[in-house]
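For reference, upload.csv is printed below; it contains CSV, C-alpha atoms.
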```csv
chain,number,residue,atom,x,y,z
A,1239,MET,CA,23.7,-0.4,-4.0
A,1240,LEU,CA,23.0,-3.6,-2.1
A,1241,PRO,CA,21.0,-3.5,1.2
A,1242,THR,CA,22.8,-4.5,4.4
A,1243,THR,CA,22.4,-8.1,5.6
A,1244,ALA,CA,20.1,-7.0,8.5
A,1245,GLU,CA,17.7,-4.9,6.4
A,1246,ARG,CA,17.5,-6.9,3.1
A,1247,VAL,CA,14.8,-9.4,4.2
A,1248,PRO,CA,12.5,-7.0,6.0
A,1249,MET,CA,12.9,-4.6,3.1
A,1250,ASN,CA,11.6,-7.3,0.7
A,1251,THR,CA,8.7,-8.2,3.0
A,1252,SER,CA,5.4,-6.5,3.0
A,1253,GLU,CA,4.9,-4.0,5.8
A,1254,ALA,CA,1.8,-5.8,6.9
A,1255,VAL,CA,3.8,-9.0,7.4
A,1256,ASN,CA,6.7,-7.1,9.1
A,1257,GLU,CA,4.1,-5.6,11.5
A,1258,LEU,CA,2.6,-9.1,12.2
A,1259,ILE,CA,6.1,-10.3,13.1
A,1260,ARG,CA,6.7,-7.3,15.4
A,1261,THR,CA,3.4,-7.8,17.1
A,1262,ARG,CA,4.1,-11.5,17.7
A,1263,THR,CA,7.4,-10.5,19.2
A,1264,LEU,CA,5.8,-7.9,21.5
A,1265,ARG,CA,3.2,-10.5,22.6
A,1266,ASN,CA,6.0,-12.9,23.5
A,1267,LEU,CA,7.7,-10.2,25.5
A,1268,ASP,CA,4.5,-9.3,27.3
A,1269,ARG,CA,3.9,-12.9,28.3
A,1270,ALA,CA,7.5,-13.2,29.6
A,1271,ALA,CA,7.1,-9.9,31.6
A,1272,LEU,CA,4.0,-11.4,33.3
A,1273,GLY,CA,5.9,-14.6,34.3
A,1274,ASP,CA,8.8,-15.3,36.6
A,1275,ARG,CA,12.5,-15.7,35.7
A,1276,GLY,CA,11.7,-19.3,34.7
A,1277,THR,CA,9.3,-18.1,32.0
A,1278,ILE,CA,12.0,-15.9,30.6
A,1279,ASP,CA,14.6,-18.7,30.7
A,1280,ARG,CA,12.2,-21.0,28.9
A,1281,ARG,CA,11.5,-18.4,26.2
A,1282,LEU,CA,15.3,-17.8,25.8
A,1283,ALA,CA,15.7,-21.6,25.3
A,1284,GLU,CA,13.0,-21.5,22.6
A,1285,LEU,CA,14.8,-18.7,20.8
A,1286,ASP,CA,18.0,-20.8,20.9
A,1287,SER,CA,16.2,-23.5,18.8
A,1288,GLU,CA,14.2,-21.2,16.5
A,1289,TRP,CA,15.2,-21.4,12.9
A,1290,ASP,CA,15.9,-18.0,11.2
A,1291,ILE,CA,14.9,-17.3,7.6
A,1292,GLU,CA,18.4,-17.9,6.3
A,1293,ARG,CA,18.5,-21.5,7.7
A,1294,CYS,CA,15.0,-22.2,6.4
A,1295,LEU,CA,15.9,-20.9,2.9
A,1296,GLU,CA,19.2,-22.9,2.9
A,1297,VAL,CA,17.3,-26.1,3.8
A,1298,ASN,CA,14.7,-25.3,1.1
A,1299,ALA,CA,17.3,-24.6,-1.5
A,1300,ALA,CA,19.4,-27.7,-0.7
A,1301,SER,CA,16.4,-29.9,-0.8
A,1302,ALA,CA,15.1,-28.6,-4.1
A,1303,SER,CA,18.6,-28.9,-5.6
A,1304,ILE,CA,19.0,-32.5,-4.5
A,1305,ALA,CA,15.6,-33.4,-5.7
A,1306,GLY,CA,16.3,-31.7,-9.1
A,1307,CYS,CA,19.6,-33.6,-9.4
A,1308,LEU,CA,18.0,-36.9,-8.6
A,1309,LEU,CA,15.1,-36.3,-10.9
A,1310,GLY,CA,17.6,-35.3,-13.6
A,1311,LEU,CA,19.6,-38.5,-13.1
A,1312,PHE,CA,16.7,-40.9,-12.9
A,1313,VAL,CA,13.7,-39.3,-14.7
A,1314,SER,CA,14.7,-36.7,-17.3
A,1315,ARG,CA,17.7,-34.6,-17.9
A,1316,ARG,CA,15.3,-31.6,-18.1
A,1317,PHE,CA,15.1,-31.6,-14.3
A,1318,PHE,CA,18.7,-30.4,-14.2
A,1319,VAL,CA,17.2,-27.0,-14.7
A,1320,VAL,CA,15.9,-27.1,-11.1
A,1321,PRO,CA,19.3,-26.9,-9.4
A,1322,ALA,CA,20.3,-24.1,-11.8
A,1323,LEU,CA,17.2,-22.1,-11.0
A,1324,VAL,CA,17.6,-22.7,-7.3
A,1325,GLY,CA,21.2,-21.5,-7.4
A,1326,GLY,CA,20.2,-18.4,-9.2
A,1327,PHE,CA,17.5,-17.6,-6.7
A,1328,LEU,CA,19.8,-18.3,-3.8
A,1329,LEU,CA,22.3,-15.8,-5.3
A,1330,GLN,CA,19.6,-13.3,-5.8
A,1331,HIS,CA,18.6,-13.7,-2.1
A,1332,ALA,CA,22.2,-13.3,-1.0
A,1333,LEU,CA,22.6,-10.1,-2.9
A,1334,GLN,CA,19.1,-8.5,-2.7
A,1335,GLY,CA,17.3,-10.4,0.0
A,1336,TRP,CA,14.5,-11.8,-2.1
A,1337,CYS,CA,13.7,-15.2,-3.5
A,1338,PRO,CA,10.4,-17.0,-4.4
A,1339,PRO,CA,9.9,-18.8,-1.0
A,1340,LEU,CA,10.6,-15.7,1.1
A,1341,PRO,CA,7.1,-14.2,1.1
A,1342,LEU,CA,5.5,-17.5,2.1
A,1343,MET,CA,8.0,-18.1,4.9
A,1344,ARG,CA,7.7,-14.6,6.2
A,1345,ARG,CA,3.9,-14.9,6.2
A,1346,LEU,CA,4.3,-18.1,8.3
A,1347,GLY,CA,6.3,-16.0,10.8
A,1348,VAL,CA,9.8,-17.0,10.1
A,1349,ARG,CA,12.0,-14.3,11.4
A,1350,THR,CA,15.5,-13.0,10.6
A,1351,LEU,CA,18.3,-13.6,13.0
A,1352,SER,CA,18.2,-9.8,13.9
A,1353,GLU,CA,14.5,-10.1,14.8
A,1354,ILE,CA,15.2,-13.1,17.0
A,1355,ASP,CA,18.2,-11.4,18.6
A,1356,ASP,CA,16.1,-8.3,19.3
A,1357,GLU,CA,13.7,-10.4,21.3
A,1358,ARG,CA,16.6,-12.2,23.0
A,1359,GLN,CA,18.2,-8.9,24.1
A,1360,ALA,CA,14.8,-7.6,25.4
A,1361,LEU,CA,14.3,-10.8,27.4
A,1362,LEU,CA,17.8,-10.6,28.9
A,1363,ALA,CA,17.2,-7.0,29.9
A,1364,LEU,CA,13.8,-8.0,31.4
A,1365,ARG,CA,15.5,-10.9,33.3
A,1366,ALA,CA,18.1,-8.6,34.7
A,1367,ARG,CA,15.5,-6.1,35.8
A,1368,LYS,CA,13.5,-8.8,37.5
A,1369,SER,CA,16.6,-10.1,39.2
A,1370,ALA,CA,17.4,-6.5,40.4
A,1371,ASP,CA,13.8,-6.1,41.6
A,1372,GLY,CA,14.0,-9.4,43.5
A,1373,LEU,CA,17.3,-8.3,45.1
A,1374,GLY,CA,15.9,-5.0,46.1
A,1375,ARG,CA,12.9,-6.7,47.8
A,1376,THR,CA,15.3,-9.0,49.6
A,1377,LEU,CA,17.4,-6.1,50.9
A,1378,ARG,CA,14.4,-4.2,52.3
```
Output the file's structure as structure tokens, nothing else.
Amino acid sequence: MLPTTAERVPMNTSEAVNELIRTRTLRNLDRAALGDRGTIDRRLAELDSEWDIERCLEVNAASASIAGCLLGLFVSRRFFVVPALVGGFLLQHALQGWCPPLPLMRRLGVRTLSEIDDERQALLALRARKSADGLGRTLR
């Protein structure tokens, strides 16, 4: 049975790395909670431009494939094996959630879209609570 899209990358990441990513997310939320609404809005804008693991892997795979094709054309036909390997690993990632660059990217802190969205939802809830608290103070 194949894992769901949301669970396949964390399932193929060491628990220590998953914990580091969760800790970093909680630190981001703590910093936002200490700031004002502008701090939360800035962090939400940062999340909008954060690359998730899928985008990073797609860029990595495309770059390696193009490089392999160019090397195959201009250096040696043996380099045509590179795009074939990259395609196989990309298929493996799509089905199982693992490919060779995944452990390195995760150790570097690259998160899944679900992990980014979890932080976004927590920030939106925090911003709503801060707005409600501000409204309550204004009404008193």
TODO: Could you tell me how far CA of Asp1290 in chain A lies from CA of Val1348 in chain A, in Å and to one decimal?
DONE: 6.3 Å
- [ ] Could you give me, as a list in words, the residues within 9 Å of Ile1259 in chain A, counting all atoms listed in the file and dropping anything in the same chain fewer than 5 positions from it?
- [x]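 Contacts, in chain order: Ala1254, Leu1264, Arg1344, Arg1345, Gly1347, Val1348, Arg1349 and Glu1353 of chain A.
Taking CA of Thr1251 in chain A and CA of Ala1270 in chain A as endpoints, the distance between them is 27.1 Å.
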- [ ] Would you list the contacts of Lys1368 in chain A as a list in words, taking every protein, DNA or RNA residue within 8 Å and counting all atoms listed in the file, but skipping same-chain residues closer than 4 positions in sequence?
- [x]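 Once the nearby chain positions are removed, what remains is Arg1275, Leu1364 and Gly1372 of chain A.
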Open item on the list: Would you compute the distance between CA of Arg1293 in chain A and CA of Leu1267 in chain A? Give it in Å to one decimal.
Closed with: 23.7 Å
Open item on the list: Ranking A:Glu1288, A:Asn1250, A:Ala1366, A:Gly1276 by minimum distance to Gln1330 in chain A and counting all atoms listed in the file, which one comes first?
Closed with: A:Asn1250
Task: Nearest-residue call for Leu1328 in chain A, choices A:Arg1265, A:Ile1354, A:Ala1363, A:Ser1303, using only C-alpha atoms - done: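 Checking each of A:Arg1265, A:Ile1354, A:Ala1363, A:Ser1303 against Leu1328 in chain A, counting only C-alpha atoms, the winner is A:Ser1303.
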- [ ] Give the answer as one residue: which of A:Leu1329, A:Arg1280, A:Leu1351, A:Gln1334 has the shortest atom-to-atom distance to Ala1299 in chain A, using only C-alpha atoms?
- [x]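 Checking each candidate against Ala1299 in chain A, we get A:Leu1329 as the closest.
Among the candidate residues A:Leu1308, A:Glu1357, A:Phe1318, A:Val1313, the one lying nearest to Thr1261 in chain A is A:Glu1357, with distances computed using all atoms listed in the file.
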- [ ] Could you check which of A:Glu1253, A:Arg1365, A:Ala1300, A:Arg1262 is closest to Val1320 in chain A, using only C-alpha atoms?
- [x]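 Looking only at the distances to Val1320 in chain A, the closest residue turns out to be A:Ala1300.
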Task: Proximity to Asp1279 in chain A - best of A:Leu1362, A:Ala1370, A:Leu1323, A:Met1249, only C-alpha atoms - done: A:Leu1362
TODO: For Leu1333 in chain A, work out the shell of residues within 12 Å, counting only C-alpha atoms and skipping chain neighbours fewer than 5 positions away, then give it as a list in words.
DONE: Met1239, Leu1240, Pro1241, Thr1242, Thr1243, Glu1245, Arg1246, Val1247, Asn1250, Gly1326, Phe1327 and Leu1328 of chain A
Selected residues written out, C-alpha atoms, as a CSV table (one decimal), keeping the file's coordinate frame:
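Okay, selection26.csv is ready:
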```
chain,number,residue,atom,x,y,z
A,1239,MET,CA,23.7,-0.4,-4.0
A,1240,LEU,CA,23.0,-3.6,-2.1
A,1241,PRO,CA,21.0,-3.5,1.2
A,1242,THR,CA,22.8,-4.5,4.4
A,1243,THR,CA,22.4,-8.1,5.6
A,1245,GLU,CA,17.7,-4.9,6.4
A,1246,ARG,CA,17.5,-6.9,3.1
A,1247,VAL,CA,14.8,-9.4,4.2
A,1250,ASN,CA,11.6,-7.3,0.7
A,1326,GLY,CA,20.2,-18.4,-9.2
A,1327,PHE,CA,17.5,-17.6,-6.7
A,1328,LEU,CA,19.8,-18.3,-3.8
```
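For Leu1295 in chain A, the list of residues within 10 Å, based on all atoms listed in the file and with local chain neighbours fewer than 6 positions off taken out, reads A:Ser1301, A:Leu1328, A:His1331, A:Cys1337, A:Pro1338, A:Pro1339, A:Leu1340, A:Met1343.
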